[in-house]
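Below is the file run.cif, which contains mmCIF, C-alpha atoms and all ligand atoms.
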```cif
data_protein
#
loop_
_atom_site.label_atom_id
_atom_site.label_comp_id
_atom_site.auth_asym_id
_atom_site.auth_seq_id
_atom_site.Cartn_x
_atom_site.Cartn_y
_atom_site.Cartn_z
CA MET C 1 73.43 -90.41 -21.20
CA LYS C 2 76.96 -89.09 -21.51
CA VAL C 3 78.65 -85.68 -21.29
CA HIS C 4 81.36 -85.26 -23.93
CA LEU C 5 83.99 -82.57 -23.34
CA ILE C 6 85.48 -81.82 -26.76
CA TYR C 7 88.24 -79.26 -26.83
CA PHE C 8 91.37 -77.81 -28.43
CA SER C 9 93.81 -76.56 -25.81
CA PRO C 10 97.49 -76.13 -26.64
CA ALA C 11 98.49 -74.23 -23.48
CA LEU C 12 96.01 -76.11 -21.24
CA SER C 13 93.83 -73.26 -19.88
CA THR C 14 90.85 -74.30 -22.00
CA ARG C 15 91.29 -77.87 -20.76
CA LYS C 16 91.27 -76.63 -17.15
CA ILE C 17 88.00 -74.74 -17.68
CA MET C 18 86.40 -77.63 -19.58
CA ARG C 19 87.29 -80.05 -16.77
CA ALA C 20 85.78 -77.67 -14.20
CA ILE C 21 82.59 -77.63 -16.30
CA GLY C 22 82.57 -81.43 -16.59
CA LYS C 23 83.10 -81.94 -12.84
CA SER C 24 80.19 -79.61 -12.02
CA MET C 25 77.67 -81.70 -13.96
CA ASP C 26 76.44 -84.59 -11.83
CA VAL C 27 77.38 -87.34 -14.31
CA PRO C 28 80.71 -88.81 -15.46
CA PHE C 29 82.20 -87.12 -18.52
CA GLU C 30 84.35 -88.29 -21.43
CA GLU C 31 87.13 -86.09 -22.79
CA LEU C 32 88.07 -85.72 -26.42
CA ASP C 33 91.17 -83.53 -26.71
CA VAL C 34 91.65 -82.64 -30.39
CA THR C 35 94.77 -80.49 -29.90
CA MET C 36 96.97 -83.02 -31.69
CA GLY C 37 94.38 -83.53 -34.44
CA PHE C 38 91.44 -85.86 -34.85
CA ASP C 39 91.49 -88.31 -37.74
CA GLU C 40 88.43 -90.40 -37.01
CA ALA C 41 84.75 -89.72 -37.60
CA LEU C 42 82.50 -89.55 -34.54
CA SER C 43 78.76 -89.31 -34.14
CA ILE C 44 77.20 -88.23 -30.83
CA ASP C 45 73.72 -89.42 -29.78
CA GLU C 46 70.73 -87.13 -29.47
CA GLY C 47 70.37 -88.02 -25.78
CA ASP C 48 73.94 -87.00 -24.89
CA LEU C 49 75.34 -83.57 -24.08
CA ALA C 50 78.35 -82.18 -25.96
CA VAL C 51 80.48 -79.34 -24.59
CA PHE C 52 82.80 -77.72 -27.16
CA GLY C 53 85.69 -75.52 -25.98
CA VAL C 54 88.31 -73.47 -27.82
CA PRO C 55 90.78 -70.71 -27.07
CA VAL C 56 90.24 -67.53 -29.07
CA TYR C 57 92.96 -66.87 -31.68
CA ALA C 58 92.86 -63.37 -33.21
CA GLY C 59 89.15 -63.15 -32.48
CA ARG C 60 88.38 -66.45 -34.22
CA VAL C 61 88.15 -70.20 -33.64
CA PRO C 62 91.63 -71.72 -34.29
CA LYS C 63 91.72 -73.37 -37.73
CA LEU C 64 92.91 -76.72 -36.36
CA ALA C 65 89.95 -76.83 -33.98
CA THR C 66 87.53 -76.09 -36.82
CA GLU C 67 89.03 -78.91 -38.90
CA ALA C 68 88.71 -81.40 -36.04
CA PHE C 69 85.19 -80.31 -35.04
CA HIS C 70 83.92 -80.85 -38.60
CA LYS C 71 84.66 -84.58 -38.15
CA ILE C 72 82.36 -84.78 -35.12
CA LYS C 73 78.67 -84.99 -35.97
CA GLY C 74 75.64 -84.53 -33.77
CA ASN C 75 72.10 -85.85 -34.27
CA ASN C 76 70.23 -82.81 -33.00
CA THR C 77 72.48 -83.25 -29.96
CA PRO C 78 72.27 -80.48 -27.35
CA ALA C 79 75.53 -78.58 -26.98
CA VAL C 80 77.23 -76.02 -24.76
CA ILE C 81 79.91 -73.85 -26.40
CA VAL C 82 82.87 -72.27 -24.63
CA ASN C 83 85.40 -69.62 -25.61
CA VAL C 84 88.51 -69.04 -23.50
CA TYR C 85 90.36 -65.79 -24.17
CA GLY C 86 93.24 -63.73 -22.83
CA ASN C 87 91.48 -60.56 -21.63
CA ARG C 88 91.59 -58.74 -24.97
CA ASP C 89 88.35 -59.80 -26.70
CA TYR C 90 86.67 -62.86 -28.19
CA ASP C 91 85.32 -60.84 -31.14
CA ASP C 92 83.57 -63.31 -33.52
CA ALA C 93 84.84 -66.59 -32.05
CA LEU C 94 81.72 -67.46 -30.05
CA LEU C 95 79.43 -66.82 -33.02
CA GLU C 96 81.78 -68.84 -35.25
CA LEU C 97 81.83 -71.74 -32.78
CA ARG C 98 78.04 -71.68 -32.52
CA ASN C 99 77.75 -71.82 -36.32
CA ILE C 100 80.31 -74.64 -36.64
CA CYS C 101 78.40 -76.72 -34.08
CA GLN C 102 75.05 -76.05 -35.80
CA GLU C 103 76.48 -77.02 -39.20
CA ASN C 104 77.59 -80.32 -37.68
CA GLY C 105 74.19 -81.30 -36.29
CA PHE C 106 74.40 -79.93 -32.74
CA VAL C 107 71.89 -77.66 -31.04
CA PRO C 108 73.80 -75.11 -28.94
CA PHE C 109 71.66 -73.84 -26.06
CA ALA C 110 74.26 -72.21 -23.81
CA ALA C 111 77.54 -70.36 -24.30
CA GLY C 112 80.29 -69.00 -22.07
CA ALA C 113 83.24 -66.69 -22.77
CA PHE C 114 85.77 -67.07 -19.96
CA ILE C 115 89.05 -65.31 -19.34
CA ALA C 116 92.35 -67.12 -18.81
CA ARG C 117 96.02 -66.14 -18.78
CA HIS C 118 97.15 -64.95 -22.22
CA SER C 119 99.37 -67.69 -23.58
CA ILE C 120 101.52 -65.32 -25.68
CA PHE C 121 101.63 -62.46 -23.14
CA PRO C 122 101.39 -64.35 -19.82
CA LYS C 123 101.37 -61.26 -17.59
CA VAL C 124 97.98 -60.43 -19.11
CA ALA C 125 95.21 -62.09 -17.09
CA VAL C 126 97.89 -63.74 -14.96
CA ASN C 127 96.38 -66.17 -12.39
CA ARG C 128 93.08 -66.40 -14.24
CA PRO C 129 90.82 -68.25 -13.97
CA ASP C 130 90.88 -67.20 -10.28
CA GLU C 131 88.54 -68.21 -7.44
CA GLU C 132 85.84 -65.80 -8.56
CA ASP C 133 86.04 -67.15 -12.13
CA GLU C 134 85.91 -70.73 -10.89
CA GLU C 135 82.75 -70.05 -8.90
CA MET C 136 81.16 -68.56 -11.98
CA ILE C 137 82.23 -71.48 -14.19
CA VAL C 138 80.71 -73.97 -11.70
CA GLY C 139 77.46 -71.95 -11.62
CA PHE C 140 77.38 -71.83 -15.42
CA ALA C 141 77.93 -75.59 -15.72
CA LYS C 142 75.20 -76.40 -13.19
CA LYS C 143 72.74 -74.13 -14.98
CA CYS C 144 73.64 -75.77 -18.32
CA TYR C 145 73.09 -79.23 -16.87
CA ASP C 146 69.72 -78.27 -15.34
CA LYS C 147 68.63 -76.77 -18.64
CA TYR C 148 69.74 -79.89 -20.48
CA LEU C 149 67.62 -82.05 -18.13
CA GLU C 150 64.55 -79.86 -18.76
CA LYS C 151 64.63 -80.95 -22.44
CA GLU C 152 62.67 -77.90 -23.61
CA GLU C 153 61.95 -77.24 -27.31
CA PRO C 154 65.16 -75.69 -28.73
CA LYS C 155 65.19 -71.90 -29.10
CA PRO C 156 67.84 -69.94 -31.03
CA LEU C 157 70.99 -69.15 -29.07
CA ASN C 158 72.08 -65.56 -29.63
CA VAL C 159 75.68 -64.66 -28.86
CA LYS C 160 77.92 -61.65 -29.45
CA GLY C 161 79.86 -61.51 -32.74
CA ASN C 162 79.65 -60.42 -36.37
CA TYR C 163 79.50 -62.14 -39.74
CA PRO C 164 81.54 -61.94 -42.02
CA TYR C 165 84.04 -62.91 -39.32
CA ARG C 166 87.13 -60.88 -38.48
CA GLU C 167 90.00 -61.47 -40.97
CA HIS C 168 93.56 -61.83 -39.71
CA GLY C 169 97.02 -62.63 -41.04
CA PRO C 170 99.61 -64.97 -39.50
CA ILE C 171 101.02 -64.02 -36.07
CA PRO C 172 104.69 -63.14 -36.61
CA LEU C 173 105.86 -64.38 -33.17
CA VAL C 174 107.40 -67.82 -32.62
CA PRO C 175 108.99 -69.25 -29.47
CA LYS C 176 112.58 -70.51 -29.29
CA GLY C 177 114.55 -72.57 -26.78
CA ASN C 178 117.62 -71.47 -24.82
CA SER C 179 120.68 -73.28 -23.48
CA SER C 180 118.72 -75.04 -20.71
CA CYS C 181 117.23 -77.41 -23.34
CA ASP C 182 118.37 -81.00 -22.67
CA LYS C 183 116.77 -82.39 -25.85
CA CYS C 184 114.18 -84.41 -23.91
CA GLY C 185 111.87 -84.32 -26.96
CA THR C 186 108.65 -83.36 -25.12
CA CYS C 187 108.00 -80.27 -27.26
CA VAL C 188 108.86 -82.19 -30.42
CA ARG C 189 106.19 -84.79 -29.57
CA LEU C 190 103.53 -82.33 -28.44
CA CYS C 191 103.78 -79.52 -31.00
CA PRO C 192 100.42 -79.79 -32.86
CA VAL C 193 101.99 -78.96 -36.24
CA GLY C 194 105.42 -80.61 -36.08
CA ALA C 195 107.31 -77.30 -36.07
CA ILE C 196 110.15 -78.52 -33.82
CA SER C 197 112.78 -81.03 -34.98
CA ALA C 198 114.23 -83.65 -32.63
CA ASP C 199 117.78 -82.75 -33.72
CA HIS C 200 117.43 -79.01 -33.03
CA PRO C 201 114.63 -78.54 -30.50
CA ARG C 202 115.75 -75.03 -29.62
CA LYS C 203 114.76 -73.91 -33.13
CA THR C 204 111.26 -73.46 -34.57
CA ASN C 205 110.02 -73.82 -38.13
CA LYS C 206 108.44 -70.39 -38.68
CA GLU C 207 106.44 -71.57 -41.67
CA LEU C 208 104.63 -74.23 -39.64
CA CYS C 209 104.39 -72.66 -36.17
CA ILE C 210 100.92 -71.37 -35.15
CA SER C 211 102.27 -69.51 -32.06
CA CYS C 212 100.08 -71.64 -29.76
CA ALA C 213 102.62 -71.63 -26.86
CA ARG C 214 102.15 -75.33 -26.17
CA CYS C 215 105.91 -75.97 -26.32
CA ILE C 216 106.43 -73.28 -23.65
CA THR C 217 103.81 -74.86 -21.37
CA VAL C 218 105.10 -78.43 -21.67
CA CYS C 219 108.88 -77.87 -21.56
CA PRO C 220 110.15 -79.33 -18.25
CA GLN C 221 113.29 -77.12 -18.42
CA HIS C 222 111.36 -73.88 -19.09
CA SER C 223 113.67 -73.51 -22.04
CA ARG C 224 111.23 -72.30 -24.68
CA ASN C 225 109.75 -68.81 -24.79
CA PHE C 226 108.84 -65.89 -27.03
CA ARG C 227 111.93 -63.66 -27.06
CA GLY C 228 113.59 -60.78 -28.88
CA LEU C 229 113.17 -57.05 -29.39
CA VAL C 230 110.06 -57.23 -31.55
CA TYR C 231 108.32 -59.48 -29.03
CA GLY C 232 109.37 -57.19 -26.15
CA ALA C 233 107.94 -54.12 -27.87
CA VAL C 234 104.65 -55.82 -28.79
CA ARG C 235 104.36 -57.27 -25.29
CA ARG C 236 104.69 -53.90 -23.53
CA LYS C 237 102.04 -52.32 -25.77
CA PHE C 238 99.70 -55.28 -25.39
CA GLU C 239 100.09 -55.41 -21.60
CA SER C 240 99.09 -51.78 -21.22
CA LYS C 241 96.19 -52.11 -23.71
CA CYS C 242 94.76 -55.17 -21.92
CA ALA C 243 95.48 -54.20 -18.30
CA VAL C 244 91.85 -53.67 -17.26
CA ARG C 245 90.19 -56.83 -15.99
CA LYS C 246 87.40 -58.17 -18.20
CA GLU C 247 84.56 -60.27 -16.84
CA ASN C 248 83.20 -63.61 -18.01
CA GLU C 249 79.98 -63.66 -20.01
CA THR C 250 77.32 -66.32 -20.44
CA PHE C 251 74.40 -66.71 -22.85
CA PHE C 252 71.37 -69.04 -22.78
CA SER C 253 68.72 -69.74 -25.39
C1 LIG D 301 97.76 -67.37 -31.57
C2 LIG D 301 96.99 -66.78 -30.43
C3 LIG D 301 96.05 -65.78 -30.65
C4 LIG D 301 95.32 -65.27 -29.57
N1 LIG D 301 94.36 -64.31 -29.80
C5 LIG D 301 93.62 -63.83 -28.77
C6 LIG D 301 92.59 -62.87 -29.00
O1 LIG D 301 92.24 -62.51 -30.12
N2 LIG D 301 91.94 -62.35 -27.91
C7 LIG D 301 92.27 -62.71 -26.63
O2 LIG D 301 91.70 -62.16 -25.69
N3 LIG D 301 93.20 -63.68 -26.40
C8 LIG D 301 93.87 -64.24 -27.42
N4 LIG D 301 94.80 -65.22 -27.21
C9 LIG D 301 94.97 -65.77 -25.85
C10 LIG D 301 94.29 -67.12 -25.70
O3 LIG D 301 92.96 -67.08 -26.20
C11 LIG D 301 94.26 -67.53 -24.21
O4 LIG D 301 95.53 -67.41 -23.67
C12 LIG D 301 93.75 -68.94 -23.99
O5 LIG D 301 93.66 -69.14 -22.59
C13 LIG D 301 94.67 -70.00 -24.56
O6 LIG D 301 94.05 -71.26 -24.37
P1 LIG D 301 94.88 -72.59 -24.11
O7 LIG D 301 95.66 -72.35 -22.83
O8 LIG D 301 93.85 -73.63 -23.90
O9 LIG D 301 95.74 -72.81 -25.27
C14 LIG D 301 95.55 -65.75 -28.25
C15 LIG D 301 96.52 -66.75 -28.04
C16 LIG D 301 97.22 -67.26 -29.11
C17 LIG D 301 98.20 -68.36 -28.85
S1 LIG D 302 106.50 -74.52 -32.05
FE1 LIG D 302 104.80 -73.15 -32.45
S2 LIG D 302 103.11 -74.50 -33.05
FE2 LIG D 302 104.66 -75.79 -32.06
S3 LIG D 302 104.02 -75.90 -29.92
FE3 LIG D 302 105.47 -74.19 -30.09
S4 LIG D 302 104.21 -72.39 -30.44
FE4 LIG D 302 102.90 -74.19 -30.86
S1 LIG D 303 110.74 -79.74 -24.09
FE1 LIG D 303 112.27 -78.21 -23.51
S2 LIG D 303 114.03 -79.39 -22.83
FE2 LIG D 303 112.70 -80.81 -23.95
S3 LIG D 303 113.47 -80.74 -26.08
FE3 LIG D 303 111.85 -79.20 -25.94
S4 LIG D 303 112.95 -77.28 -25.45
FE4 LIG D 303 114.35 -78.96 -25.02
#
```
What is this file in structure tokens?
Ligand SMILES: Cc1cc2nc3c(=O)[nH]c(=O)nc-3n(C[C@H](O)[C@H](O)[C@H](O)COP(=O)(O)O)c2cc1C
Ligand code: SF4
Ligand code: SF4
Amino acid sequence: MKVHLIYFSPALSTRKIMRAIGKSMDVPFEELDVTMGFDEALSIDEGDLAVFGVPVYAGRVPKLATEAFHKIKGNNTPAVIVNVYGNRDYDDALLELRNICQENGFVPFAAGAFIARHSIFPKVAVNRPDEEDEEMIVGFAKKCYDKYLEKEEPKPLNVKGNYPYREHGPIPLVPKGNSSCDKCGTCVRLCPVGAISADHPRKTNKELCISCARCITVCPQHSRNFRGLVYGAVRRKFESKCAVRKENETFFS
């Protein structure tokens, strides 16, 4: 029996939460990070446990995660689904993730929506997941693992969310580098959509960029960031709108 942690995590908070879940289940886990794409086809055994994790983007599952997850098939394989979001809302993303997993042959029996620092507005939910969150994540993982071992007849997993899912346009914010860039190439290599050129790594291709903030997280010089008047105005509004702490939620079938 194996636990498979399968996740999309540009700015690494989802990865952190997924690893905490994996470590709290009493068996070794395998990680499949699909942030840079997934070009193979994979089938996961009925006896294994799959844990799928995504950040919430505009209340939805990020498109790149959906594309990768559709290449991973279950065989009535039990699954846990995880949303990580930046203290605004997860809207329809948990429902969407549940449906994607079901379409691909998995049987979701547990779900969690956990809060982490907002990757575009990092003062929102700063320092989360904190100790209290971590305790809850460990408790959630242990309960999932116990439930998995019980091997009960599957029951429907109900989660919050609406269908048709929330529609959204592109996010008009893209990060840029400043003069501290030493052209090391890290962001060029790790941008999931190739929006940064090796010759001009301070610039960003606006047509390609998905605003995922990965380049900000991985830049050793802290050179890249969202900047400018428009960003500043949106940030102030967003920070006041999302100032009240939200709590994690879990669901079981
Ligand atoms: C493009 C984009 C859209 C986002 N939309 C939402 C949202 O709708 N609701 C929310 O609470 N957080 C939202 N966030 C915040 C992320 O869900 C949150 O920061 C998450 O921890 C990022 O995961 P990662 O660090 O694994 O990339 C968004 C972040 C990005 C980059
Ligand atoms: S350039 Fe855009 S898409 Fe690429 S890592 Fe940075 S934010 Fe993400
Ligand atoms: S990771 Fe930072 S320092 Fe390296 S090329 Fe990108 S912006 Fe420049």
When distances are computed from only C-alpha atoms, which of C:Leu173, C:Val80, C:Ile210, C:Ala93 shows the smallest separation from Val230 (chain C)? C:Leu173
Please indicate the distance in Å from CA of Ser253 (chain C) to CA of Ser43 (chain C), rounded to one decimal place. 23.7 Å
As AutoDock Vina command-line options, what would the box around ligand LIG 302 (chain D) look like: edges along x, y and z, 8 Å added on every side, centre and edge lengths in Å to one decimal?
```
--center_x 104.7 --center_y -74.1 --center_z -31.5 --size_x 19.6 --size_y 19.5 --size_z 19.1
```
Just want the 7 Å neighbourhood of region 84-86 of chain C, counted on all atoms listed in the file, with same-chain residues fewer than 2 positions away dropped. Output as a list in words.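 Near region 84-86 of chain C, the qualifying residues are Thr14, Val54, Pro55, Val56, Val82, Arg88, Asp89, Tyr90, Ala113, Phe114, Ile115, Ala116, Arg117, His118, Val124 and Ala125 of chain C.
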Would you mind exporting C-alpha atoms of the selected residues as an mmCIF file, keeping the file's coordinate frame?
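Output file selection-v2.cif follows:
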```
data_model
loop_
_atom_site.group_PDB
_atom_site.id
_atom_site.type_symbol
_atom_site.label_atom_id
_atom_site.label_comp_id
_atom_site.auth_asym_id
_atom_site.auth_seq_id
_atom_site.Cartn_x
_atom_site.Cartn_y
_atom_site.Cartn_z
ATOM 1 C CA THR C 14 90.850 -74.300 -22.000
ATOM 2 C CA VAL C 54 88.310 -73.470 -27.820
ATOM 3 C CA PRO C 55 90.780 -70.710 -27.070
ATOM 4 C CA VAL C 56 90.240 -67.530 -29.070
ATOM 5 C CA VAL C 82 82.870 -72.270 -24.630
ATOM 6 C CA ARG C 88 91.590 -58.740 -24.970
ATOM 7 C CA ASP C 89 88.350 -59.800 -26.700
ATOM 8 C CA TYR C 90 86.670 -62.860 -28.190
ATOM 9 C CA ALA C 113 83.240 -66.690 -22.770
ATOM 10 C CA PHE C 114 85.770 -67.070 -19.960
ATOM 11 C CA ILE C 115 89.050 -65.310 -19.340
ATOM 12 C CA ALA C 116 92.350 -67.120 -18.810
ATOM 13 C CA ARG C 117 96.020 -66.140 -18.780
ATOM 14 C CA HIS C 118 97.150 -64.950 -22.220
ATOM 15 C CA VAL C 124 97.980 -60.430 -19.110
ATOM 16 C CA ALA C 125 95.210 -62.090 -17.090
#
```
Cut-off 6 Å, only C-alpha atoms and all ligand atoms, neighbours of ligand LIG 303 (chain D) as a PyMOL selection string: chain C and resi 177+181-187+201-202+219-221+223-224
Selected residues, C-alpha atoms, written as a PDB file, keeping the file's coordinate frame, please.
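This went into part-v7.pdb:
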```pdb
ATOM      1  CA  GLY C 177     114.550 -72.570 -26.780  1.00  0.00           C
ATOM      2  CA  CYS C 181     117.230 -77.410 -23.340  1.00  0.00           C
ATOM      3  CA  ASP C 182     118.370 -81.000 -22.670  1.00  0.00           C
ATOM      4  CA  LYS C 183     116.770 -82.390 -25.850  1.00  0.00           C
ATOM      5  CA  CYS C 184     114.180 -84.410 -23.910  1.00  0.00           C
ATOM      6  CA  GLY C 185     111.870 -84.320 -26.960  1.00  0.00           C
ATOM      7  CA  THR C 186     108.650 -83.360 -25.120  1.00  0.00           C
ATOM      8  CA  CYS C 187     108.000 -80.270 -27.260  1.00  0.00           C
ATOM      9  CA  PRO C 201     114.630 -78.540 -30.500  1.00  0.00           C
ATOM     10  CA  ARG C 202     115.750 -75.030 -29.620  1.00  0.00           C
ATOM     11  CA  CYS C 219     108.880 -77.870 -21.560  1.00  0.00           C
ATOM     12  CA  PRO C 220     110.150 -79.330 -18.250  1.00  0.00           C
ATOM     13  CA  GLN C 221     113.290 -77.120 -18.420  1.00  0.00           C
ATOM     14  CA  SER C 223     113.670 -73.510 -22.040  1.00  0.00           C
ATOM     15  CA  ARG C 224     111.230 -72.300 -24.680  1.00  0.00           C
TER      16      ARG C 224
END
```
Among the residues C:Gly228, C:Gly22, C:Gly53, C:Gly47, the one that comes closest to Met1 (chain C) [using all atoms listed in the file]: C:Gly47
Give me the residues of chain C that have any atom at most 9 Å from an atom of ligand LIG 302 (chain D); for each, the nearest atom pair and the distance in Å, rounded to one decimal. Use only C-alpha atoms and all ligand atoms, sort by chain and number, and format it as a tab-separated table.
```
residue	atom	partner	partner_atom	distance
C:Pro10	CA	D:LIG302	FE4	7.1
C:Ala11	CA	D:LIG302	FE4	8.6
C:Ile120	CA	D:LIG302	S4	8.9
C:Leu173	CA	D:LIG302	S4	8.6
C:Val174	CA	D:LIG302	FE1	5.9
C:Pro175	CA	D:LIG302	S4	5.8
C:Lys176	CA	D:LIG302	S1	7.8
C:Cys187	CA	D:LIG302	S3	6.5
C:Val188	CA	D:LIG302	FE2	7.8
C:Leu190	CA	D:LIG302	S3	6.6
C:Cys191	CA	D:LIG302	S3	3.8
C:Pro192	CA	D:LIG302	FE2	5.9
C:Val193	CA	D:LIG302	S2	5.6
C:Gly194	CA	D:LIG302	FE2	6.3
C:Ala195	CA	D:LIG302	S1	5.0
C:Ile196	CA	D:LIG302	S1	5.7
C:Lys203	CA	D:LIG302	S1	8.4
C:Thr204	CA	D:LIG302	S1	5.5
C:Asn205	CA	D:LIG302	S1	7.1
C:Lys206	CA	D:LIG302	FE1	7.7
C:Leu208	CA	D:LIG302	S2	6.8
C:Cys209	CA	D:LIG302	FE1	3.8
C:Ile210	CA	D:LIG302	S2	4.4
C:Ser211	CA	D:LIG302	S4	3.8
C:Cys212	CA	D:LIG302	FE4	4.0
C:Ala213	CA	D:LIG302	S4	4.0
C:Arg214	CA	D:LIG302	S3	4.2
C:Cys215	CA	D:LIG302	S3	4.1
C:Ile216	CA	D:LIG302	FE3	6.6
C:Thr217	CA	D:LIG302	S3	8.6
C:Val218	CA	D:LIG302	S3	8.7
C:Arg224	CA	D:LIG302	FE3	8.1
C:Asn225	CA	D:LIG302	FE3	8.7
C:Phe226	CA	D:LIG302	S4	8.7
```
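For the atom pair formed by CA of Ala68 (chain C) and CA of Glu103 (chain C), the distance is 13.4 Å, given to one decimal.
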Starting from the sparse input, extend region 221-235 of chain C to N, CA and C atoms and give the output as a short mmCIF file (atom, residue, chain, number, x, y, z; two decimals), keeping the file's coordinate frame.
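result28.cif was written with the following content:
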```
data_model
loop_
_atom_site.label_atom_id
_atom_site.label_comp_id
_atom_site.auth_asym_id
_atom_site.auth_seq_id
_atom_site.Cartn_x
_atom_site.Cartn_y
_atom_site.Cartn_z
N GLN C 221 112.13 -77.97 -18.76
CA GLN C 221 113.29 -77.12 -18.42
C GLN C 221 112.97 -75.63 -18.53
N HIS C 222 111.75 -75.29 -18.85
CA HIS C 222 111.36 -73.88 -19.09
C HIS C 222 112.32 -73.22 -20.07
N SER C 223 112.66 -73.97 -21.08
CA SER C 223 113.67 -73.51 -22.04
C SER C 223 113.06 -72.66 -23.16
N ARG C 224 111.81 -72.98 -23.53
CA ARG C 224 111.23 -72.30 -24.68
C ARG C 224 110.41 -71.08 -24.26
N ASN C 225 110.51 -70.03 -25.07
CA ASN C 225 109.75 -68.81 -24.79
C ASN C 225 109.73 -67.91 -26.02
N PHE C 226 108.78 -66.97 -26.04
CA PHE C 226 108.84 -65.89 -27.03
C PHE C 226 109.94 -64.95 -26.55
N ARG C 227 110.81 -64.52 -27.46
CA ARG C 227 111.93 -63.66 -27.06
C ARG C 227 112.18 -62.61 -28.14
N GLY C 228 113.11 -61.72 -27.85
CA GLY C 228 113.59 -60.78 -28.88
C GLY C 228 112.98 -59.40 -28.74
N LEU C 229 113.56 -58.46 -29.50
CA LEU C 229 113.17 -57.05 -29.39
C LEU C 229 111.75 -56.81 -29.87
N VAL C 230 111.41 -57.45 -31.00
CA VAL C 230 110.06 -57.23 -31.55
C VAL C 230 109.02 -57.73 -30.54
N TYR C 231 109.26 -58.94 -30.02
CA TYR C 231 108.32 -59.48 -29.03
C TYR C 231 108.22 -58.54 -27.82
N GLY C 232 109.35 -58.07 -27.33
CA GLY C 232 109.37 -57.19 -26.15
C GLY C 232 108.53 -55.94 -26.39
N ALA C 233 108.67 -55.35 -27.56
CA ALA C 233 107.94 -54.12 -27.87
C ALA C 233 106.44 -54.40 -27.96
N VAL C 234 106.08 -55.48 -28.66
CA VAL C 234 104.65 -55.82 -28.79
C VAL C 234 104.07 -56.14 -27.41
N ARG C 235 104.84 -56.85 -26.61
CA ARG C 235 104.36 -57.27 -25.29
C ARG C 235 104.02 -56.06 -24.41
#
```
